[in-house]
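Visitor: To be precise about what I am sending: the file is called data29.cif and holds mmCIF, C-alpha atoms.
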```cif
data_final
loop_
_atom_site.label_atom_id
_atom_site.label_comp_id
_atom_site.auth_asym_id
_atom_site.auth_seq_id
_atom_site.Cartn_x
_atom_site.Cartn_y
_atom_site.Cartn_z
CA MET A 1 4.14 16.14 83.55
CA ALA A 2 2.79 13.64 81.06
CA GLU A 3 4.92 10.61 80.26
CA HIS A 4 4.46 11.13 76.54
CA ARG A 5 6.92 14.03 76.74
CA LEU A 6 9.61 12.59 79.01
CA HIS A 7 11.98 11.27 76.36
CA ARG A 8 12.23 14.62 74.60
CA VAL A 9 13.65 16.72 77.42
CA SER A 10 16.68 14.69 78.54
CA ALA A 11 19.07 17.45 77.40
CA MET A 12 17.45 19.87 79.82
CA LYS A 13 16.81 17.51 82.70
CA HIS A 14 19.36 19.24 84.92
CA LEU A 15 17.75 22.67 84.48
CA THR A 16 14.92 23.97 86.58
CA HIS A 17 11.67 24.93 84.85
CA LYS A 18 12.35 28.62 85.53
CA GLN A 19 15.84 28.36 84.00
CA ILE A 20 14.46 26.69 80.88
CA VAL A 21 11.76 29.34 80.45
CA THR A 22 14.33 32.13 80.85
CA LEU A 23 16.74 30.47 78.40
CA ILE A 24 14.12 30.02 75.68
CA ALA A 25 12.71 33.52 76.18
CA SER A 26 16.14 35.15 76.00
CA ALA A 27 17.07 33.24 72.84
CA ALA A 28 13.82 34.20 71.15
CA ALA A 29 14.29 37.83 72.12
CA ALA A 30 17.79 37.84 70.65
CA VAL A 31 16.56 36.39 67.35
CA VAL A 32 13.80 39.00 67.07
CA LEU A 33 16.09 41.90 67.90
CA ILE A 34 18.82 40.76 65.49
CA SER A 35 16.38 40.14 62.63
CA GLY A 36 14.72 43.47 63.32
CA GLY A 37 18.08 45.23 63.09
CA ILE A 38 18.89 43.57 59.75
CA ALA A 39 15.47 44.43 58.35
CA SER A 40 15.72 48.03 59.51
CA THR A 41 18.80 48.67 57.39
CA GLN A 42 16.77 47.70 54.31
CA MET A 43 13.78 49.80 55.33
CA TYR A 44 15.35 53.18 54.79
CA ARG A 45 18.80 54.22 53.60
CA SER A 46 19.96 57.49 52.10
CA ASN A 47 21.32 57.19 48.57
CA ALA A 48 23.05 60.58 48.71
CA PRO A 49 26.21 61.11 50.77
CA ALA A 50 25.28 62.69 54.08
CA ALA A 51 26.25 66.32 54.39
CA PRO A 52 28.41 67.26 57.37
CA LYS A 53 26.08 67.75 60.29
CA PRO A 54 26.36 70.98 62.23
CA THR A 55 26.72 70.61 65.97
CA VAL A 56 23.24 70.99 67.38
CA SER A 57 23.65 70.13 71.05
CA ALA A 58 22.94 73.70 72.14
CA TYR A 59 19.60 73.70 70.39
CA SER A 60 18.33 70.12 70.30
CA ALA A 61 18.53 69.41 74.00
CA THR A 62 15.21 69.74 75.80
CA GLN A 63 14.68 71.04 79.28
CA GLY A 64 12.43 68.40 80.84
CA GLN A 65 9.48 68.26 78.43
CA GLN A 66 9.92 71.84 77.20
CA ALA A 67 11.78 72.27 73.90
CA ALA A 68 13.27 75.55 72.78
CA SER A 69 10.84 77.98 71.09
CA ARG A 70 11.14 79.10 67.46
CA SER A 71 12.23 82.61 68.48
CA GLU A 72 14.99 81.24 70.72
CA ILE A 73 16.24 78.98 67.94
CA ARG A 74 16.12 81.78 65.36
CA THR A 75 18.07 84.09 67.70
CA ALA A 76 20.74 81.43 68.12
CA LEU A 77 20.99 80.97 64.35
CA ALA A 78 21.16 84.71 63.71
CA GLU A 79 24.05 85.01 66.16
CA GLY A 80 25.92 82.29 64.27
CA ARG A 81 26.43 80.02 67.27
CA GLN A 82 28.52 76.88 66.71
CA GLY A 83 29.05 77.59 63.00
CA LEU A 84 25.36 77.88 62.10
CA SER A 85 23.99 80.86 60.16
CA SER A 86 20.71 82.64 59.60
CA SER A 87 20.34 80.75 56.29
CA THR A 88 20.15 77.46 58.18
CA SER A 89 16.69 76.01 58.64
CA TYR A 90 15.53 73.39 61.10
CA VAL A 91 12.78 70.80 61.62
CA ARG A 92 11.65 69.33 64.90
CA VAL A 93 11.66 65.50 65.15
CA ILE A 94 10.03 63.63 68.03
CA ILE A 95 10.89 59.95 68.54
CA ASN A 96 8.82 58.24 71.24
CA GLY A 97 8.35 61.55 73.01
CA HIS A 98 12.00 62.65 72.83
CA THR A 99 12.54 65.84 70.83
CA GLN A 100 15.52 66.79 68.70
CA LEU A 101 16.09 69.59 66.18
CA VAL A 102 17.59 68.76 62.79
CA PHE A 103 19.47 71.61 61.08
CA GLY A 104 20.21 71.94 57.38
CA THR A 105 19.89 74.03 54.23
CA ASP A 106 18.36 71.64 51.73
CA PHE A 107 15.18 70.40 53.41
CA SER A 108 12.35 69.63 51.00
CA THR A 109 10.55 66.54 52.34
CA VAL A 110 10.37 64.50 55.51
CA LYS A 111 12.79 62.03 53.93
CA SER A 112 15.40 64.77 53.41
CA VAL A 113 15.23 65.65 57.12
CA LEU A 114 15.77 62.04 58.15
CA GLN A 115 18.69 61.76 55.72
CA GLN A 116 20.31 64.85 57.22
CA ALA A 117 19.92 63.47 60.74
CA ASN A 118 20.94 59.92 59.76
CA ILE A 119 17.72 58.63 61.27
CA THR A 120 16.97 55.12 60.00
CA LEU A 121 13.40 53.87 60.13
CA GLU A 122 12.84 50.44 61.61
CA PRO A 123 10.24 47.94 60.31
CA GLU A 124 7.66 48.67 63.01
CA ASP A 125 8.12 52.48 63.04
CA ARG A 126 5.11 54.70 62.42
CA ILE A 127 5.88 58.12 61.01
CA THR A 128 3.76 61.24 60.45
CA PRO A 129 3.67 63.03 58.10
CA SER A 130 4.69 60.64 55.32
CA LEU A 131 8.22 60.52 53.89
CA THR A 132 7.20 62.44 50.77
CA SER A 133 5.42 65.26 52.61
CA PRO A 134 6.98 68.76 52.23
CA VAL A 135 8.44 70.36 55.35
CA THR A 136 8.84 73.83 56.83
CA GLU A 137 10.12 75.04 60.17
CA LYS A 138 6.59 74.57 61.48
CA THR A 139 6.62 70.88 60.61
CA VAL A 140 6.88 68.41 63.47
CA ILE A 141 7.90 64.89 62.42
CA THR A 142 6.67 62.25 64.84
CA ILE A 143 8.09 58.72 64.92
CA SER A 144 6.58 56.01 67.10
CA ARG A 145 9.32 53.42 67.50
CA SER A 146 8.79 49.90 68.77
CA ASP A 147 10.63 48.76 71.87
CA THR A 148 10.94 45.00 72.36
CA THR A 149 10.86 43.67 75.90
CA LEU A 150 10.39 40.38 77.70
CA GLU A 151 7.39 40.58 79.99
CA THR A 152 6.22 38.08 82.57
CA LYS A 153 2.77 38.22 84.09
CA ASP A 154 0.83 36.14 86.58
CA THR A 155 -2.86 35.31 86.28
CA PRO A 156 -4.95 33.51 88.92
CA ILE A 157 -6.10 29.91 88.53
CA PRO A 158 -9.51 29.41 90.19
CA PHE A 159 -9.94 26.64 92.71
CA ASN A 160 -12.77 24.11 92.77
CA THR A 161 -15.05 23.16 95.62
CA ILE A 162 -15.07 19.45 96.41
CA THR A 163 -17.97 18.03 98.43
CA LYS A 164 -17.42 14.87 100.47
CA ASN A 165 -19.90 12.87 102.55
CA ASP A 166 -18.91 12.42 106.20
CA ALA A 167 -20.69 9.79 108.31
CA SER A 168 -19.28 11.28 111.51
CA LEU A 169 -21.22 14.52 111.07
CA PRO A 170 -24.98 14.74 111.66
CA LYS A 171 -27.03 14.82 108.49
CA GLY A 172 -27.42 18.33 107.13
CA VAL A 173 -24.31 19.67 108.88
CA THR A 174 -21.45 20.96 106.72
CA LYS A 175 -17.87 21.63 107.68
CA VAL A 176 -15.02 23.16 105.71
CA GLN A 177 -12.13 20.74 105.86
CA THR A 178 -9.75 22.68 103.60
CA GLN A 179 -9.89 26.34 102.64
CA GLY A 180 -9.49 27.02 98.91
CA HIS A 181 -6.69 29.14 97.48
CA GLU A 182 -6.16 30.32 93.91
CA GLY A 183 -3.17 29.12 91.96
CA ILE A 184 -0.82 31.16 89.78
CA PHE A 185 -0.37 30.79 86.01
CA GLU A 186 2.80 32.48 84.76
CA SER A 187 3.29 33.49 81.14
CA THR A 188 6.27 35.06 79.38
CA GLU A 189 5.80 37.14 76.22
CA LEU A 190 8.02 39.01 73.79
CA VAL A 191 6.19 42.34 73.46
CA GLN A 192 6.76 45.11 70.93
CA ARG A 193 5.36 48.57 71.59
CA ALA A 194 5.34 51.75 69.55
CA GLY A 195 4.95 54.43 72.17
CA LYS A 196 2.06 53.31 74.35
CA GLN A 197 0.55 51.05 71.70
CA THR A 198 1.34 47.33 71.61
CA THR A 199 2.16 46.28 68.04
CA SER A 200 2.80 42.57 68.69
CA ALA A 201 2.99 40.04 71.51
CA ASN A 202 4.42 36.55 71.06
CA SER A 203 3.96 34.01 73.82
CA LEU A 204 7.20 32.20 74.66
CA ALA A 205 6.17 30.07 77.63
CA SER A 206 3.33 29.65 80.09
CA TRP A 207 3.06 27.22 82.98
CA VAL A 208 1.53 26.58 86.37
CA LYS A 209 3.72 28.41 88.84
CA LYS A 210 1.53 27.41 91.77
CA ALA A 211 -1.30 24.88 91.65
CA PRO A 212 -4.57 25.94 93.29
CA VAL A 213 -5.69 24.41 96.57
CA ASN A 214 -9.24 23.16 96.22
CA LYS A 215 -11.82 23.89 98.90
CA VAL A 216 -13.07 20.71 100.56
CA VAL A 217 -16.47 20.74 102.26
CA LEU A 218 -17.65 17.83 104.40
CA VAL A 219 -21.38 17.07 104.38
CA GLY A 220 -22.79 15.09 107.30
CA THR A 221 -24.74 11.90 106.58
CA LYS A 222 -25.12 10.51 110.10
CA VAL A 223 -28.76 9.87 111.05
CA ALA A 224 -29.69 9.80 114.75
CA VAL A 225 -31.80 6.72 115.58
CA SER A 226 -33.58 5.59 118.77
CA HIS A 227 -32.91 2.32 120.60
CA ARG A 228 -36.29 0.98 119.45
CA THR A 229 -35.45 1.72 115.81
CA VAL A 230 -32.09 0.00 116.13
CA HIS A 231 -33.74 -3.10 117.71
CA HIS A 232 -36.39 -3.21 114.98
CA GLN A 233 -33.78 -2.90 112.22
CA ALA A 234 -31.63 -5.64 113.75
CA ALA A 235 -34.58 -7.99 114.01
CA SER A 236 -35.79 -7.41 110.48
CA GLN A 237 -32.43 -7.77 108.77
CA ALA A 238 -31.56 -11.25 107.48
CA PRO A 239 -27.95 -12.44 107.60
CA ALA A 240 -26.11 -11.39 104.50
CA SER A 241 -25.36 -14.29 102.20
CA HIS A 242 -22.50 -12.44 100.55
CA PRO A 243 -19.99 -9.94 101.87
CA SER A 244 -20.75 -6.35 101.01
CA ALA A 245 -19.17 -4.92 97.88
CA PRO A 246 -15.88 -3.11 98.51
CA GLN A 247 -16.00 0.65 98.47
CA THR A 248 -14.92 2.06 95.13
CA ALA A 249 -11.60 3.84 94.90
CA THR A 250 -13.30 7.12 94.03
CA ALA A 251 -15.72 7.17 96.96
CA THR A 252 -13.29 9.21 99.07
CA MET A 253 -12.51 11.70 96.28
CA GLY A 254 -15.83 13.52 96.57
CA THR A 255 -17.69 15.35 93.83
CA THR A 256 -16.62 18.58 92.19
CA MET A 257 -18.64 21.35 90.55
CA PRO A 258 -17.03 22.44 87.24
CA VAL A 259 -15.43 25.88 87.03
CA GLY A 260 -15.62 27.42 83.57
CA GLN A 261 -16.74 26.10 80.20
CA ALA A 262 -13.76 23.78 79.69
CA GLN A 263 -14.47 21.92 82.92
CA GLN A 264 -18.19 21.79 82.18
CA TYR A 265 -17.45 20.09 78.87
CA ALA A 266 -14.95 17.74 80.52
CA ALA A 267 -17.49 16.76 83.18
CA GLY A 268 -19.90 15.68 80.45
CA GLN A 269 -17.22 13.66 78.70
CA VAL A 270 -16.22 11.96 81.94
CA SER A 271 -19.83 10.81 82.35
CA ALA A 272 -19.90 9.68 78.70
CA HIS A 273 -16.94 7.39 79.48
CA GLY A 274 -18.99 5.80 82.26
CA TRP A 275 -16.90 7.32 85.04
CA ASP A 276 -18.42 8.73 88.25
CA GLY A 277 -18.08 12.12 89.95
CA GLY A 278 -14.99 11.06 91.83
CA GLN A 279 -13.19 10.51 88.53
CA PHE A 280 -13.97 14.07 87.50
CA THR A 281 -12.49 15.29 90.79
CA CYS A 282 -9.27 13.41 89.97
CA LEU A 283 -9.25 14.91 86.47
CA VAL A 284 -9.71 18.45 87.80
CA GLN A 285 -6.74 18.12 90.13
CA LEU A 286 -4.56 16.44 87.50
CA TRP A 287 -5.01 19.14 84.88
CA GLN A 288 -4.94 21.96 87.41
CA ARG A 289 -1.38 20.93 88.18
CA GLU A 290 -0.42 20.24 84.56
CA SER A 291 -1.79 23.32 82.82
CA GLY A 292 -4.18 25.26 85.06
CA TRP A 293 -6.83 24.20 82.47
CA SER A 294 -5.35 26.72 80.01
CA VAL A 295 -5.65 25.86 76.30
CA THR A 296 -2.44 27.79 75.56
CA ALA A 297 -0.24 26.43 78.36
CA HIS A 298 3.15 25.45 76.98
CA ASN A 299 6.73 25.18 78.17
CA ALA A 300 10.26 24.64 76.94
CA SER A 301 9.73 20.91 76.37
CA GLY A 302 7.08 21.70 73.74
CA ALA A 303 4.19 20.15 75.70
CA TYR A 304 0.99 22.06 74.98
CA GLY A 305 -2.56 22.65 76.08
CA ILE A 306 -4.80 21.43 78.88
CA PRO A 307 -3.51 17.81 78.84
CA GLN A 308 0.08 18.88 77.95
CA ALA A 309 0.45 16.82 74.79
CA LEU A 310 3.86 16.56 73.12
CA PRO A 311 3.80 17.62 70.40
CA GLY A 312 0.54 19.54 70.64
CA SER A 313 -0.28 18.83 67.01
CA LYS A 314 -0.94 15.17 67.83
CA MET A 315 -4.28 16.30 69.31
CA GLY A 316 -5.62 17.00 65.81
CA PRO A 317 -7.21 19.94 63.99
CA GLY A 318 -7.96 22.82 66.35
CA TRP A 319 -5.32 21.69 68.85
CA GLN A 320 -3.92 25.20 69.37
CA SER A 321 -7.04 26.83 70.82
CA ASP A 322 -9.98 24.41 70.97
CA ALA A 323 -10.57 23.11 74.50
CA THR A 324 -12.89 20.34 73.29
CA VAL A 325 -10.21 18.94 70.97
CA GLN A 326 -7.65 18.97 73.76
CA ILE A 327 -10.00 17.43 76.35
CA ASN A 328 -11.14 14.64 74.01
CA TRP A 329 -7.55 13.73 73.22
CA GLY A 330 -6.51 13.94 76.88
CA LEU A 331 -9.32 11.66 78.09
CA GLY A 332 -8.50 9.16 75.36
CA TYR A 333 -4.85 9.17 76.40
CA ILE A 334 -5.79 8.66 80.07
CA ALA A 335 -8.23 5.84 79.28
CA GLY A 336 -5.69 4.03 77.12
CA ARG A 337 -2.75 4.32 79.50
CA TYR A 338 -4.20 4.48 83.03
CA GLY A 339 -7.77 3.31 82.66
CA THR A 340 -9.30 6.19 84.61
CA PRO A 341 -8.49 9.78 85.62
CA CYS A 342 -7.96 8.62 89.21
CA GLY A 343 -5.41 6.12 87.94
CA ALA A 344 -3.57 8.91 86.14
CA TRP A 345 -3.84 11.21 89.18
CA ALA A 346 -2.43 8.54 91.50
CA HIS A 347 0.50 8.02 89.13
CA SER A 348 1.09 11.77 88.92
CA GLN A 349 1.10 12.12 92.70
CA ALA A 350 3.64 9.31 93.01
CA THR A 351 6.00 10.36 90.20
CA GLY A 352 5.26 14.00 89.31
CA TRP A 353 4.11 13.14 85.79
CA TYR A 354 1.50 11.05 84.01
#
```
Give the structure from the file, written as structure tokens.
Guide:
Amino acid sequence: MAEHRLHRVSAMKHLTHKQIVTLIASAAAAVVLISGGIASTQMYRSNAPAAPKPTVSAYSATQGQQAASRSEIRTALAEGRQGLSSSTSYVRVIINGHTQLVFGTDFSTVKSVLQQANITLEPEDRITPSLTSPVTEKTVITISRSDTTLETKDTPIPFNTITKNDASLPKGVTKVQTQGHEGIFESTELVQRAGKQTTSANSLASWVKKAPVNKVVLVGTKVAVSHRTVHHQAASQAPASHPSAPQTATATMGTTMPVGQAQQYAAGQVSAHGWDGGQFTCLVQLWQRESGWSVTAHNASGAYGIPQALPGSKMGPGWQSDATVQINWGLGYIAGRYGTPCGAWAHSQATGWY
């Protein structure tokens, strides 16, 4: 978690990440459902007083997926069951696959049928035929109604392969030190569907549920030499006038091949900053844990994108979906605050944020 977002989440510091995600998602769902209900009352309302509705339970109920036939319905009407008469007409209405029969004597258009049945259209409903279309007993009115649900899905986060030199292994020999495992990126969306068709999907939160484990491969660099070669080398080497230079902090990090276009771009920018391959390895691991390298990663704190900037808009134009914008900002932030990606990674490992 980046330090630039710490001071904005103190009110939620006692909640777990999962609790925060659930809280925000539930609140958003409630707002959408309430606003949808208010809008639906304005979408369609009968201006005429509704006529008393005959009891239709004996005719509108379906047996499994099989609705009553026209002849069966007409027989029931002719026999005057439940106060209905042969002068009563009916129209079949199907809402998201569920069939009901609407009975009346003044049907002229689709709208008149809906008025009789007190069926109110909601903003996302799709209806065929149109409200002004004339109806007969052969007409079937179909309404596809949106259902709003909270949906959570997991997507894999690929792991990287890190190559490290190992002087204890003979040159040319490789050994897998750590097996790689994919991570898990969890996202929560508010989804509206009309029947089987998705009409809208709003992302509420997405975060790294499980960071990937990178594969580490050791590459041997040890060269076998004979006693004569060792004696010759010892005799030819002059005493060093200065102590050898200390090993750089990134020498043990190894080098990492980029996975995906975002990492390929980041690798180039790391080099442009004058940093070596070990620094890119630190950067890969840092942002794998922060965002899974997803340009749309965001959570309840408001932190956004690959580097988890808070607010995301501080990254500049294109911040919502442009990986290059996010990476450039993130590398600038790291350089200014920690000096190098490995400095930021070390801080993150020690504190859980950077």
Visitor: Need the shell around A:Ser313: protein/DNA/RNA residues with any atom at most 12 Å away, counting all atoms listed in the file. Skip same-chain ones fewer than 2 positions apart. Format as a PDB file with C-alpha atoms, in the frame of the given file?
Guide:
```pdb
ATOM      1  CA  GLY A 302       7.080  21.700  73.740  1.00  0.00           C
ATOM      2  CA  ALA A 303       4.190  20.150  75.700  1.00  0.00           C
ATOM      3  CA  TYR A 304       0.990  22.060  74.980  1.00  0.00           C
ATOM      4  CA  GLY A 305      -2.560  22.650  76.080  1.00  0.00           C
ATOM      5  CA  GLN A 308       0.080  18.880  77.950  1.00  0.00           C
ATOM      6  CA  ALA A 309       0.450  16.820  74.790  1.00  0.00           C
ATOM      7  CA  LEU A 310       3.860  16.560  73.120  1.00  0.00           C
ATOM      8  CA  PRO A 311       3.800  17.620  70.400  1.00  0.00           C
ATOM      9  CA  MET A 315      -4.280  16.300  69.310  1.00  0.00           C
ATOM     10  CA  GLY A 316      -5.620  17.000  65.810  1.00  0.00           C
ATOM     11  CA  PRO A 317      -7.210  19.940  63.990  1.00  0.00           C
ATOM     12  CA  GLY A 318      -7.960  22.820  66.350  1.00  0.00           C
ATOM     13  CA  TRP A 319      -5.320  21.690  68.850  1.00  0.00           C
ATOM     14  CA  GLN A 320      -3.920  25.200  69.370  1.00  0.00           C
ATOM     15  CA  SER A 321      -7.040  26.830  70.820  1.00  0.00           C
ATOM     16  CA  ASP A 322      -9.980  24.410  70.970  1.00  0.00           C
ATOM     17  CA  VAL A 325     -10.210  18.940  70.970  1.00  0.00           C
ATOM     18  CA  GLN A 326      -7.650  18.970  73.760  1.00  0.00           C
ATOM     19  CA  TRP A 329      -7.550  13.730  73.220  1.00  0.00           C
TER      20      TRP A 329
END
```
Visitor: Quick one, how far is atom CA of A:Asp106 from atom CA of A:Thr120?
Guide: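 Calculated distance between atom CA of A:Asp106 and atom CA of A:Thr120 is 18.5 Å.
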Visitor: Fewer than 4 positions away in the same chain doesn't count, so skip those; otherwise give me all residues within 6 Å of stretch 86-97 of chain A, counting all atoms listed in the file, as a ChimeraX atom specification.
Guide: /A:77-78,101-105,137,140-144,195
Visitor: Excluding stretch 170-175 of chain A and its own-chain neighbours fewer than 5 positions away, which residues fall within 7 Å of it when counting only C-alpha atoms? Please give them as a ChimeraX atom specification.
Guide: /A:217-223
Visitor: Can you work out which one of A:His273, A:Gly352, A:Ala300, A:Gln100 has the shortest atom-to-atom distance to A:Gly336, counting only C-alpha atoms?
Guide: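 Of all the options, A:His273 lies closest to A:Gly336.
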